[in-house]
Every structure is written in structure tokens, then in C-alpha cells.
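Here's start34.json, which has JSON, C-alpha atoms and all ligand atoms:
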[["chain", "number", "residue", "atom", "x", "y", "z"],
["A", 1, "MET", "CA", 3.09, -0.64, 16.64],
["A", 2, "SER", "CA", 0.18, -1.00, 19.06],
["A", 3, "GLY", "CA", -0.78, 0.00, 22.59],
["A", 4, "GLU", "CA", -0.96, 3.40, 24.24],
["A", 5, "SER", "CA", 2.07, 4.93, 22.56],
["A", 6, "GLU", "CA", 0.62, 4.51, 19.07],
["A", 7, "THR", "CA", 0.19, 7.79, 17.15],
["A", 8, "PRO", "CA", -2.92, 8.27, 14.97],
["A", 9, "PHE", "CA", -0.75, 7.84, 11.85],
["A", 10, "GLU", "CA", 0.60, 4.56, 13.23],
["A", 11, "GLY", "CA", -3.03, 3.57, 13.86],
["A", 12, "VAL", "CA", -3.71, 3.96, 10.14],
["A", 13, "LEU", "CA", -0.61, 1.87, 9.30],
["A", 14, "ARG", "CA", -1.74, -0.85, 11.70],
["A", 15, "GLN", "CA", -5.18, -0.83, 10.11],
["A", 16, "ILE", "CA", -3.55, -1.25, 6.68],
["A", 17, "ASP", "CA", -1.35, -4.06, 8.00],
["A", 18, "ASP", "CA", -4.40, -5.85, 9.43],
["A", 19, "THR", "CA", -6.91, -5.39, 6.63],
["A", 20, "VAL", "CA", -5.19, -4.70, 3.30],
["A", 21, "PRO", "CA", -2.94, -7.19, 1.43],
["A", 22, "PHE", "CA", -0.04, -4.75, 1.49],
["A", 23, "GLU", "CA", 3.08, -4.62, 3.68],
["A", 24, "PRO", "CA", 3.36, -1.01, 4.96],
["A", 25, "GLY", "CA", 6.51, -1.86, 6.94],
["A", 26, "TYR", "CA", 8.55, -2.20, 3.71],
["A", 27, "TYR", "CA", 8.01, 1.34, 2.52],
["A", 28, "ASN", "CA", 9.37, 4.67, 3.70],
["A", 29, "GLU", "CA", 7.15, 6.86, 5.80],
["A", 30, "SER", "CA", 7.14, 9.89, 3.51],
["A", 31, "TYR", "CA", 5.88, 7.73, 0.64],
["A", 32, "LEU", "CA", 3.12, 6.17, 2.78],
["A", 33, "ASP", "CA", 2.19, 9.58, 4.18],
["A", 34, "ARG", "CA", 1.84, 11.14, 0.71],
["A", 35, "ARG", "CA", -0.47, 8.38, -0.52],
["A", 36, "ILE", "CA", -2.58, 8.25, 2.65],
["A", 37, "THR", "CA", -2.92, 12.04, 2.75],
["A", 38, "ALA", "CA", -4.12, 12.03, -0.86],
["A", 39, "ARG", "CA", -6.82, 9.46, 0.00],
["A", 40, "MET", "CA", -7.83, 11.40, 3.12],
["A", 41, "ARG", "CA", -8.31, 14.52, 0.99],
["A", 42, "ARG", "CA", -10.43, 12.60, -1.51],
["A", 43, "ARG", "CA", -12.66, 11.39, 1.31],
["A", 44, "ASP", "CA", -12.79, 14.75, 3.13],
["A", 45, "THR", "CA", -11.28, 13.15, 6.21],
["A", 46, "GLU", "CA", -9.79, 15.58, 8.71],
["A", 47, "SER", "CA", -7.69, 13.35, 10.97],
["A", 48, "HIS", "CA", -5.79, 10.07, 10.90],
["A", 49, "GLY", "CA", -8.10, 8.77, 13.64],
["A", 50, "GLU", "CA", -11.13, 9.43, 11.46],
["A", 51, "TYR", "CA", -9.44, 7.81, 8.46],
["A", 52, "GLU", "CA", -8.54, 4.74, 10.51],
["A", 53, "ARG", "CA", -12.23, 4.29, 11.34],
["A", 54, "LEU", "CA", -13.16, 4.75, 7.70],
["A", 55, "LEU", "CA", -10.69, 2.03, 6.69],
["A", 56, "ARG", "CA", -12.12, -0.31, 9.28],
["A", 57, "GLU", "CA", -15.67, 0.17, 8.06],
["A", 58, "ASP", "CA", -15.46, 0.78, 4.33],
["A", 59, "GLU", "CA", -14.32, -2.05, 2.04],
["A", 60, "GLU", "CA", -14.30, 0.27, -0.99],
["A", 61, "GLU", "CA", -11.90, 2.65, 0.72],
["A", 62, "ARG", "CA", -9.59, -0.24, 1.60],
["A", 63, "GLN", "CA", -9.50, -1.17, -2.09],
["A", 64, "ALA", "CA", -8.96, 2.45, -3.16],
["A", 65, "LEU", "CA", -6.09, 2.83, -0.70],
["A", 66, "MET", "CA", -4.55, -0.44, -1.85],
["A", 67, "ASP", "CA", -4.63, 0.83, -5.46],
["A", 68, "ALA", "CA", -3.09, 4.14, -4.37],
["A", 69, "LEU", "CA", -0.29, 2.40, -2.46],
["A", 70, "THR", "CA", 0.65, -0.04, -5.20],
["A", 71, "ILE", "CA", 3.36, 1.60, -7.22],
["A", 72, "ASN", "CA", 3.02, -0.18, -10.51],
["A", 73, "VAL", "CA", 3.92, 2.60, -12.92],
["A", 74, "THR", "CA", 6.09, 1.29, -15.74],
["A", 75, "GLU", "CA", 6.76, 1.68, -19.48],
["A", 76, "PHE", "CA", 8.32, -0.16, -22.40],
["A", 77, "PHE", "CA", 11.93, 1.12, -22.72],
["A", 78, "ARG", "CA", 11.57, 3.40, -19.70],
["A", 79, "ASN", "CA", 14.48, 5.89, -19.79],
["A", 80, "PRO", "CA", 15.56, 5.04, -23.35],
["A", 81, "GLU", "CA", 19.16, 6.23, -22.75],
["A", 82, "MET", "CA", 19.73, 3.34, -20.30],
["A", 83, "TRP", "CA", 18.66, 0.85, -22.96],
["A", 84, "GLU", "CA", 21.57, 1.91, -25.18],
["A", 85, "VAL", "CA", 23.98, 0.83, -22.43],
["A", 86, "LEU", "CA", 22.09, -2.44, -21.96],
["A", 87, "ARG", "CA", 22.21, -3.02, -25.72],
["A", 88, "ASP", "CA", 26.04, -2.99, -25.57],
["A", 89, "VAL", "CA", 26.06, -5.31, -22.54],
["A", 90, "LEU", "CA", 23.82, -7.84, -24.34],
["A", 91, "ARG", "CA", 25.85, -7.64, -27.56],
["A", 92, "GLU", "CA", 29.04, -8.32, -25.67],
["A", 93, "ARG", "CA", 27.68, -11.10, -23.47],
["A", 94, "THR", "CA", 25.86, -13.00, -26.22],
["A", 95, "SER", "CA", 28.98, -12.84, -28.43],
["A", 96, "GLU", "CA", 30.78, -14.89, -25.78],
["A", 97, "GLN", "CA", 28.78, -17.93, -26.98],
["A", 98, "ARG", "CA", 27.00, -18.58, -23.72],
["A", 99, "ARG", "CA", 23.58, -18.35, -22.18],
["A", 100, "VAL", "CA", 22.78, -14.87, -20.88],
["A", 101, "ARG", "CA", 20.28, -14.77, -18.02],
["A", 102, "VAL", "CA", 18.51, -11.49, -17.24],
["A", 103, "TRP", "CA", 16.26, -10.78, -14.24],
["A", 104, "SER", "CA", 13.77, -7.93, -14.26],
["A", 105, "ALA", "CA", 12.94, -7.54, -10.57],
["A", 106, "PRO", "CA", 10.43, -6.01, -10.13],
["A", 107, "SER", "CA", 8.81, -6.43, -13.54],
["A", 108, "ALA", "CA", 5.42, -4.80, -12.74],
["A", 109, "ASP", "CA", 3.07, -5.57, -15.69],
["A", 110, "GLY", "CA", 5.85, -7.04, -17.82],
["A", 111, "ARG", "CA", 6.80, -4.13, -20.01],
["A", 112, "GLU", "CA", 10.42, -4.07, -18.75],
["A", 113, "PRO", "CA", 11.20, -7.79, -19.32],
["A", 114, "TYR", "CA", 9.41, -7.73, -22.69],
["A", 115, "SER", "CA", 11.52, -4.70, -23.66],
["A", 116, "ILE", "CA", 14.65, -6.81, -23.01],
["A", 117, "ALA", "CA", 13.32, -9.63, -25.20],
["A", 118, "MET", "CA", 12.28, -7.19, -27.95],
["A", 119, "LEU", "CA", 15.68, -5.51, -27.90],
["A", 120, "ALA", "CA", 17.37, -8.92, -28.19],
["A", 121, "HIS", "CA", 15.27, -9.73, -31.27],
["A", 122, "ASP", "CA", 15.59, -6.26, -32.77],
["A", 123, "ASP", "CA", 19.36, -5.82, -32.62],
["A", 124, "PRO", "CA", 21.18, -7.87, -35.27],
["A", 125, "GLU", "CA", 24.29, -7.97, -33.07],
["A", 126, "ILE", "CA", 22.48, -9.60, -30.15],
["A", 127, "ASP", "CA", 21.98, -13.35, -30.41],
["A", 128, "GLU", "CA", 18.48, -13.66, -28.99],
["A", 129, "SER", "CA", 18.68, -17.46, -28.88],
["A", 130, "ARG", "CA", 21.11, -17.08, -25.98],
["A", 131, "VAL", "CA", 18.94, -14.71, -23.96],
["A", 132, "GLU", "CA", 16.59, -15.84, -21.18],
["A", 133, "VAL", "CA", 14.56, -13.33, -19.19],
["A", 134, "LEU", "CA", 12.82, -13.75, -15.84],
["A", 135, "GLY", "CA", 10.31, -11.15, -14.70],
["A", 136, "SER", "CA", 9.16, -11.23, -11.09],
["A", 137, "ASP", "CA", 7.01, -9.08, -8.85],
["A", 138, "ILE", "CA", 5.25, -9.18, -5.49],
["A", 139, "SER", "CA", 1.93, -8.35, -7.16],
["A", 140, "GLU", "CA", -0.07, -11.30, -8.54],
["A", 141, "GLU", "CA", -2.30, -8.90, -10.43],
["A", 142, "ALA", "CA", 0.65, -7.28, -12.20],
["A", 143, "LEU", "CA", 1.99, -10.73, -13.13],
["A", 144, "GLU", "CA", -1.36, -11.84, -14.52],
["A", 145, "ASN", "CA", -1.28, -8.86, -16.83],
["A", 146, "ALA", "CA", 2.36, -9.61, -17.66],
["A", 147, "ARG", "CA", 1.65, -13.22, -18.67],
["A", 148, "GLU", "CA", -1.22, -12.07, -20.85],
["A", 149, "GLY", "CA", 1.02, -9.51, -22.57],
["A", 150, "VAL", "CA", -1.81, -7.19, -23.60],
["A", 151, "TYR", "CA", -1.40, -3.42, -23.23],
["A", 152, "HIS", "CA", -3.68, -0.51, -24.05],
["A", 153, "THR", "CA", -3.10, 3.04, -25.15],
["A", 154, "THR", "CA", -5.12, 5.32, -22.87],
["A", 155, "ARG", "CA", -5.31, 9.01, -22.08],
["A", 156, "THR", "CA", -2.14, 8.69, -20.02],
["A", 157, "THR", "CA", -0.28, 5.82, -21.72],
["A", 158, "ASP", "CA", 1.05, 5.91, -25.29],
["A", 159, "ILE", "CA", 2.13, 2.34, -26.07],
["A", 160, "ALA", "CA", 3.14, 3.10, -29.69],
["A", 161, "GLY", "CA", 5.32, 5.96, -28.40],
["A", 162, "GLU", "CA", 6.93, 3.68, -25.81],
["A", 163, "LEU", "CA", 7.87, 1.18, -28.55],
["A", 164, "GLU", "CA", 9.58, 3.80, -30.70],
["A", 165, "PRO", "CA", 13.15, 2.70, -29.83],
["A", 166, "LEU", "CA", 12.47, -0.47, -31.90],
["A", 167, "SER", "CA", 13.26, -0.48, -35.63],
["A", 168, "ASP", "CA", 9.98, -2.23, -36.48],
["A", 169, "PRO", "CA", 7.56, -2.53, -33.52],
["A", 170, "ASP", "CA", 5.01, -4.51, -35.59],
["A", 171, "ARG", "CA", 7.37, -7.47, -35.52],
["A", 172, "TYR", "CA", 6.98, -7.68, -31.74],
["A", 173, "VAL", "CA", 3.38, -6.66, -31.07],
["A", 174, "GLU", "CA", 0.13, -7.31, -32.86],
["A", 175, "ARG", "CA", -1.80, -4.08, -32.91],
["A", 176, "ASP", "CA", -5.56, -3.72, -33.01],
["A", 177, "ASP", "CA", -6.37, -0.04, -32.74],
["A", 178, "ASP", "CA", -5.39, 0.91, -29.15],
["A", 179, "THR", "CA", -4.66, -2.66, -28.03],
["A", 180, "PHE", "CA", -1.21, -4.24, -28.33],
["A", 181, "GLN", "CA", -0.58, -7.96, -27.88],
["A", 182, "VAL", "CA", 3.03, -9.06, -27.43],
["A", 183, "ARG", "CA", 3.84, -11.70, -30.05],
["A", 184, "PRO", "CA", 4.75, -15.31, -29.09],
["A", 185, "THR", "CA", 8.35, -14.95, -30.40],
["A", 186, "VAL", "CA", 8.92, -12.31, -27.72],
["A", 187, "GLN", "CA", 6.88, -14.04, -25.01],
["A", 188, "ARG", "CA", 8.90, -17.23, -25.49],
["A", 189, "LEU", "CA", 12.02, -15.56, -24.09],
["A", 190, "VAL", "CA", 10.31, -14.43, -20.88],
["A", 191, "ASP", "CA", 9.11, -16.33, -17.77],
["A", 192, "PHE", "CA", 7.23, -14.79, -14.88],
["A", 193, "GLU", "CA", 7.26, -15.70, -11.19],
["A", 194, "THR", "CA", 5.96, -14.24, -7.95],
["A", 195, "HIS", "CA", 8.84, -13.07, -5.79],
["A", 196, "ASP", "CA", 9.17, -10.71, -2.82],
["A", 197, "LEU", "CA", 12.60, -9.11, -3.04],
["A", 198, "ILE", "CA", 12.76, -8.44, 0.69],
["A", 199, "ARG", "CA", 11.47, -11.73, 2.05],
["A", 200, "ASP", "CA", 12.07, -14.43, -0.55],
["A", 201, "GLY", "CA", 15.86, -14.23, -0.85],
["A", 202, "ALA", "CA", 18.20, -14.90, -3.76],
["A", 203, "ARG", "CA", 17.50, -16.58, -7.10],
["A", 204, "ASP", "CA", 19.89, -18.38, -9.48],
["A", 205, "PRO", "CA", 22.85, -16.28, -10.44],
["A", 206, "PHE", "CA", 21.95, -13.92, -13.27],
["A", 207, "ASP", "CA", 24.28, -12.17, -15.71],
["A", 208, "VAL", "CA", 22.18, -9.00, -15.61],
["A", 209, "VAL", "CA", 19.81, -7.88, -12.84],
["A", 210, "LEU", "CA", 17.54, -4.87, -13.32],
["A", 211, "CYS", "CA", 16.06, -3.48, -10.11],
["A", 212, "ARG", "CA", 14.56, -0.17, -11.15],
["A", 213, "ASN", "CA", 12.14, 2.15, -9.42],
["A", 214, "LEU", "CA", 11.46, 0.17, -6.28],
["A", 215, "LEU", "CA", 14.35, 1.13, -3.96],
["A", 216, "ILE", "CA", 13.12, 4.75, -3.84],
["A", 217, "TYR", "CA", 10.00, 3.61, -1.97],
["A", 218, "ILE", "CA", 11.66, 1.16, 0.39],
["A", 219, "ASP", "CA", 12.30, 1.96, 4.03],
["A", 220, "VAL", "CA", 15.96, 2.22, 4.96],
["A", 221, "ASP", "CA", 15.66, -0.79, 7.34],
["A", 222, "HIS", "CA", 14.62, -3.05, 4.45],
["A", 223, "LYS", "CA", 17.01, -1.75, 1.79],
["A", 224, "GLY", "CA", 19.79, -3.96, 3.19],
["A", 225, "ALA", "CA", 17.70, -7.13, 2.81],
["A", 226, "LEU", "CA", 16.71, -6.12, -0.72],
["A", 227, "PHE", "CA", 20.34, -5.48, -1.68],
["A", 228, "ASP", "CA", 21.40, -8.81, -0.12],
["A", 229, "THR", "CA", 18.91, -10.49, -2.47],
["A", 230, "LEU", "CA", 20.24, -8.63, -5.50],
["A", 231, "GLU", "CA", 23.88, -9.27, -4.63],
["A", 232, "ALA", "CA", 23.43, -12.98, -3.98],
["A", 233, "SER", "CA", 21.55, -13.30, -7.28],
["A", 234, "LEU", "CA", 24.25, -11.68, -9.39],
["A", 235, "ALA", "CA", 26.95, -13.73, -11.16],
["A", 236, "ASP", "CA", 30.55, -12.84, -10.27],
["A", 237, "ASP", "CA", 30.91, -10.78, -13.44],
["A", 238, "GLY", "CA", 27.25, -9.70, -13.39],
["A", 239, "VAL", "CA", 25.76, -6.33, -14.28],
["A", 240, "LEU", "CA", 23.32, -4.47, -12.02],
["A", 241, "VAL", "CA", 20.94, -1.80, -13.34],
["A", 242, "LEU", "CA", 19.13, 0.57, -10.96],
["A", 243, "GLY", "CA", 16.51, 3.25, -11.60],
["A", 244, "MET", "CA", 17.71, 6.69, -12.73],
["A", 245, "THR", "CA", 17.28, 8.25, -9.26],
["A", 246, "GLU", "CA", 18.55, 5.26, -7.28],
["A", 247, "SER", "CA", 22.02, 4.41, -6.00],
["A", 248, "VAL", "CA", 24.02, 1.60, -4.45],
["A", 249, "PRO", "CA", 23.92, 2.12, -0.64],
["A", 250, "PRO", "CA", 27.16, 3.79, 0.59],
["A", 251, "GLY", "CA", 28.41, 0.77, 2.57],
["A", 252, "ARG", "CA", 28.32, -1.40, -0.56],
["A", 253, "SER", "CA", 29.64, 0.94, -3.21],
["A", 254, "ASP", "CA", 33.09, -0.71, -3.23],
["A", 255, "ARG", "CA", 31.47, -3.90, -4.55],
["A", 256, "TYR", "CA", 30.38, -2.26, -7.82],
["A", 257, "GLU", "CA", 32.08, -0.16, -10.44],
["A", 258, "PRO", "CA", 30.07, 2.03, -12.78],
["A", 259, "ILE", "CA", 29.82, 0.92, -16.39],
["A", 260, "ASP", "CA", 27.75, 4.06, -16.97],
["A", 261, "LYS", "CA", 27.25, 6.03, -13.78],
["A", 262, "ARG", "CA", 24.58, 8.42, -15.05],
["A", 263, "ARG", "CA", 22.44, 5.60, -16.49],
["A", 264, "ARG", "CA", 22.93, 3.62, -13.27],
["A", 265, "VAL", "CA", 24.56, 0.57, -14.85],
["A", 266, "PHE", "CA", 27.17, -1.13, -12.61],
["A", 267, "GLY", "CA", 29.52, -4.08, -12.95],
["A", 268, "ARG", "CA", 30.19, -6.30, -9.99],
["A", 269, "VAL", "CA", 33.74, -6.02, -8.66],
["B", 301, "LIG", "C1", 7.37, 1.33, -10.08],
["B", 301, "LIG", "S1", 7.25, -0.40, -10.43],
["B", 301, "LIG", "C2", 8.78, -0.63, -11.31],
["B", 301, "LIG", "C3", 8.64, -1.51, -12.54],
["B", 301, "LIG", "C4", 9.85, -1.50, -13.49],
["B", 301, "LIG", "N1", 11.03, -2.05, -12.86],
["B", 301, "LIG", "C5", 10.13, -0.10, -14.01],
["B", 301, "LIG", "O1", 11.12, 0.51, -13.60],
["B", 301, "LIG", "O2", 9.35, 0.39, -14.82],
["B", 301, "LIG", "C6", 7.50, -1.10, -8.82],
["B", 301, "LIG", "C7", 7.02, -2.55, -8.68],
["B", 301, "LIG", "O3", 7.57, -3.08, -7.47],
["B", 301, "LIG", "C8", 6.69, -4.08, -7.00],
["B", 301, "LIG", "N2", 7.06, -4.37, -5.61],
["B", 301, "LIG", "C9", 6.76, -3.66, -4.50],
["B", 301, "LIG", "N3", 7.31, -4.23, -3.40],
["B", 301, "LIG", "C10", 7.98, -5.34, -3.84],
["B", 301, "LIG", "C11", 8.74, -6.36, -3.19],
["B", 301, "LIG", "N4", 8.94, -6.34, -1.88],
["B", 301, "LIG", "N5", 9.27, -7.36, -3.95],
["B", 301, "LIG", "C12", 9.07, -7.40, -5.29],
["B", 301, "LIG", "N6", 8.36, -6.46, -5.96],
["B", 301, "LIG", "C13", 7.83, -5.44, -5.25],
["B", 301, "LIG", "C14", 5.33, -3.45, -7.20],
["B", 301, "LIG", "O4", 4.32, -4.44, -7.21],
["B", 301, "LIG", "C15", 5.52, -2.74, -8.56],
["B", 301, "LIG", "O5", 5.05, -3.57, -9.61]]
Take the structure from the file and write it as C-alpha cells.
Ligand SMILES: C[S@@+](CC[C@H](N)C(=O)[O-])C[C@H]1O[C@@H](n2cnc3c(N)ncnc32)[C@H](O)[C@@H]1O
Amino acid sequence: MSGESETPFEGVLRQIDDTVPFEPGYYNESYLDRRITARMRRRDTESHGEYERLLREDEEERQALMDALTINVTEFFRNPEMWEVLRDVLRERTSEQRRVRVWSAPSADGREPYSIAMLAHDDPEIDESRVEVLGSDISEEALENAREGVYHTTRTTDIAGELEPLSDPDRYVERDDDTFQVRPTVQRLVDFETHDLIRDGARDPFDVVLCRNLLIYIDVDHKGALFDTLEASLADDGVLVLGMTESVPPGRSDRYEPIDKRRRVFGRV
């Protein structure tokens, strides 16, 4: 992506690659284009060439672009209807008297893996002592937040609302006005680790792997590597959960059968 044939847009991508701790090659072009165009508008920049120069010279803009490119949106119990399917999976697996390992990859700021641990505690038919959760992400900053386990209600985030699927949220978070601290009983079930799903390869086999709301941003050339990681990390009778607008790539669909197609929960064949 250098030399005479480089387009101005590619020039911006190269500048990102060289100066921002972000891997533009992983993500699809339309996603990158949307975020870069939004920043260009904010800075009244007319052309990609002009924006490339701005990135080279302005540290603050590099930071602002990095923030805009990092897709870390998440929620506790995001898409509550999926969690009803997961509830049944956890009931069934823990009743088999064995350890049930769950991987939330990517975990962003921890709200997804903590939701799994909270659900395990909250449902009397799930034996939480058998559940172990790993949350991983490429972003160190997100993981720092995750380990801390502190979340805030803001103008755009309603933490109490997100926790509504629980019978008694106060058992799982300590609330001080708009600040919510996840309690140690929940934190004890969850570990966090840095992991790049495209580059770092498989992890121990897991009984359940959640990979939600990342595939939509990933370039088609890297989706295969990401799916290789997921597949090699799934136990033979494992369950895979994708985001509500994501699907198993066509060439691999014979390896999974839907447990609930609409909620994107699949069993490994
Ligand atoms: C939109 S969040 C999804 C979080 C959660 N799974 C959910 O659905 O709410 C996407 C996360 O993917 C992480 N991410 C981006 N590229 C990644 C990669 N190559 N490997 C692991 N995580 C990645 C980002 O840091 C971000 O936290």
C-alpha cells in the first residue's frame, strides 16, 4: 500500500498504520471510510490528501481518529432475547455435573462476560460453581476497565436499565448514585486476557464461545482467520453465539446447526 499507485484514501490508511496503534487492514473498507469521513467533516477537511497531512502533524487528531475507529460499544445483556437461549444452554450444561467454560471474545469493557456470570448466579437452575468465564479483547484500555468492573450511567448509557433482566440486580452490583461496581462474587467467575482474534490463534477448548459484534467490521480476507480461531477453540459439542446481524460464512455453515437461528446460537456438528 505504498508507491505511485497509492490512492489518497490508501494514503490515509497508511498514515493510520504507521502512526496510530490500530490495525486498519483488519477492518472492511466501508467501515473505515465512514469513520474517517466523519472525522474529516469534523475538521473541515476537503480531501484525503489534506487529512493525511493533518494526521501526520496533529497528535490530537490521531487520538480522536483512534477513538472513532475503536468500536467498543457494548451493554449488559445486549439483545436480551439471546440471553434466554443462553440461559437454557447453561442450565443444561451445568446439570451434566461438569465444568462449563465460556469465552466472551471480544469482551470490550467486560459487560458481556459479567452478564454471563450474573446470569449464572441469578438463575436457580444454573450451578454457578461450575461456570468459568474468560473475557478477552485486543484493547488494553477496554480490559483495564473490565478488570475494574466499574460502570457509569451517562446521557447515553442506562446501566440500571441494562441490568433489568436480573431478578435482583443489587445482588450483583453495588450502586452509588450513577456508579455501579460489580461485586466480588461475580468478578470471581471471570478472568480477562489480551487476545487478538485474528493473529493470536486458538485458546483452550470452550463449551460456549460468544463472538458478537466484531465480524461485521472485519474485512473479508481476515474473517477466515477469525473463524479458524473460533472453531479451533470450540469443544466438539460446543455452542457458538454470534451477533444478531452476523452469520457463519457460507463455506463453513455445514459445520454448525442452529440451536436458535434468529438469536444466532449454533451447535457444533
Ligand atoms: C462492538 S465491541 C463488541 C463487544 C461485545 N461482544 C458485545 O457484543 O457487546 C467490539 C470489540 O472488538 C474488539 N476488537 C477489535 N478487533 C479485535 C481483534 N482483532 N481481536 C479481538 N478483539 C478485537 C474491540 O476492541 C471492541 O472492544
- Quick one, how far is CA of Asp237 (chain A) from CA of Ala120 (chain A)? 20.1 Å
- Message: Within 8 Å of ligand LIG 301 (chain B) (counting only C-alpha atoms and all ligand atoms), which residues show up? I'd like them as a ChimeraX atom specification.
- Response: /A:26,70-76,78,104-109,111-112,136-139,142,194-199,210-214,218,226,243
- Query: Between A:Pro80, A:Gly11, A:Pro249, A:Pro21, which has the minimum distance to Arg56 (chain A) (counting only C-alpha atoms)?
  - Reply: A:Gly11
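The shortest atom-to-atom distance to Gln97 (chain A), with only C-alpha atoms taken into account, belongs to A:Ile126 out of A:Val133, A:Ile126, A:Leu242, A:Ala225.
Closest approach to Phe206 (chain A) among A:Arg268, A:Arg175, A:Arg34, A:Lys261: A:Arg268, based on all atoms listed in the file.
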- Message: Please report the interatomic distance between CA of Tyr172 (chain A) and CA of Val186 (chain A) in Å with one decimal.
- Response: 6.4 Å
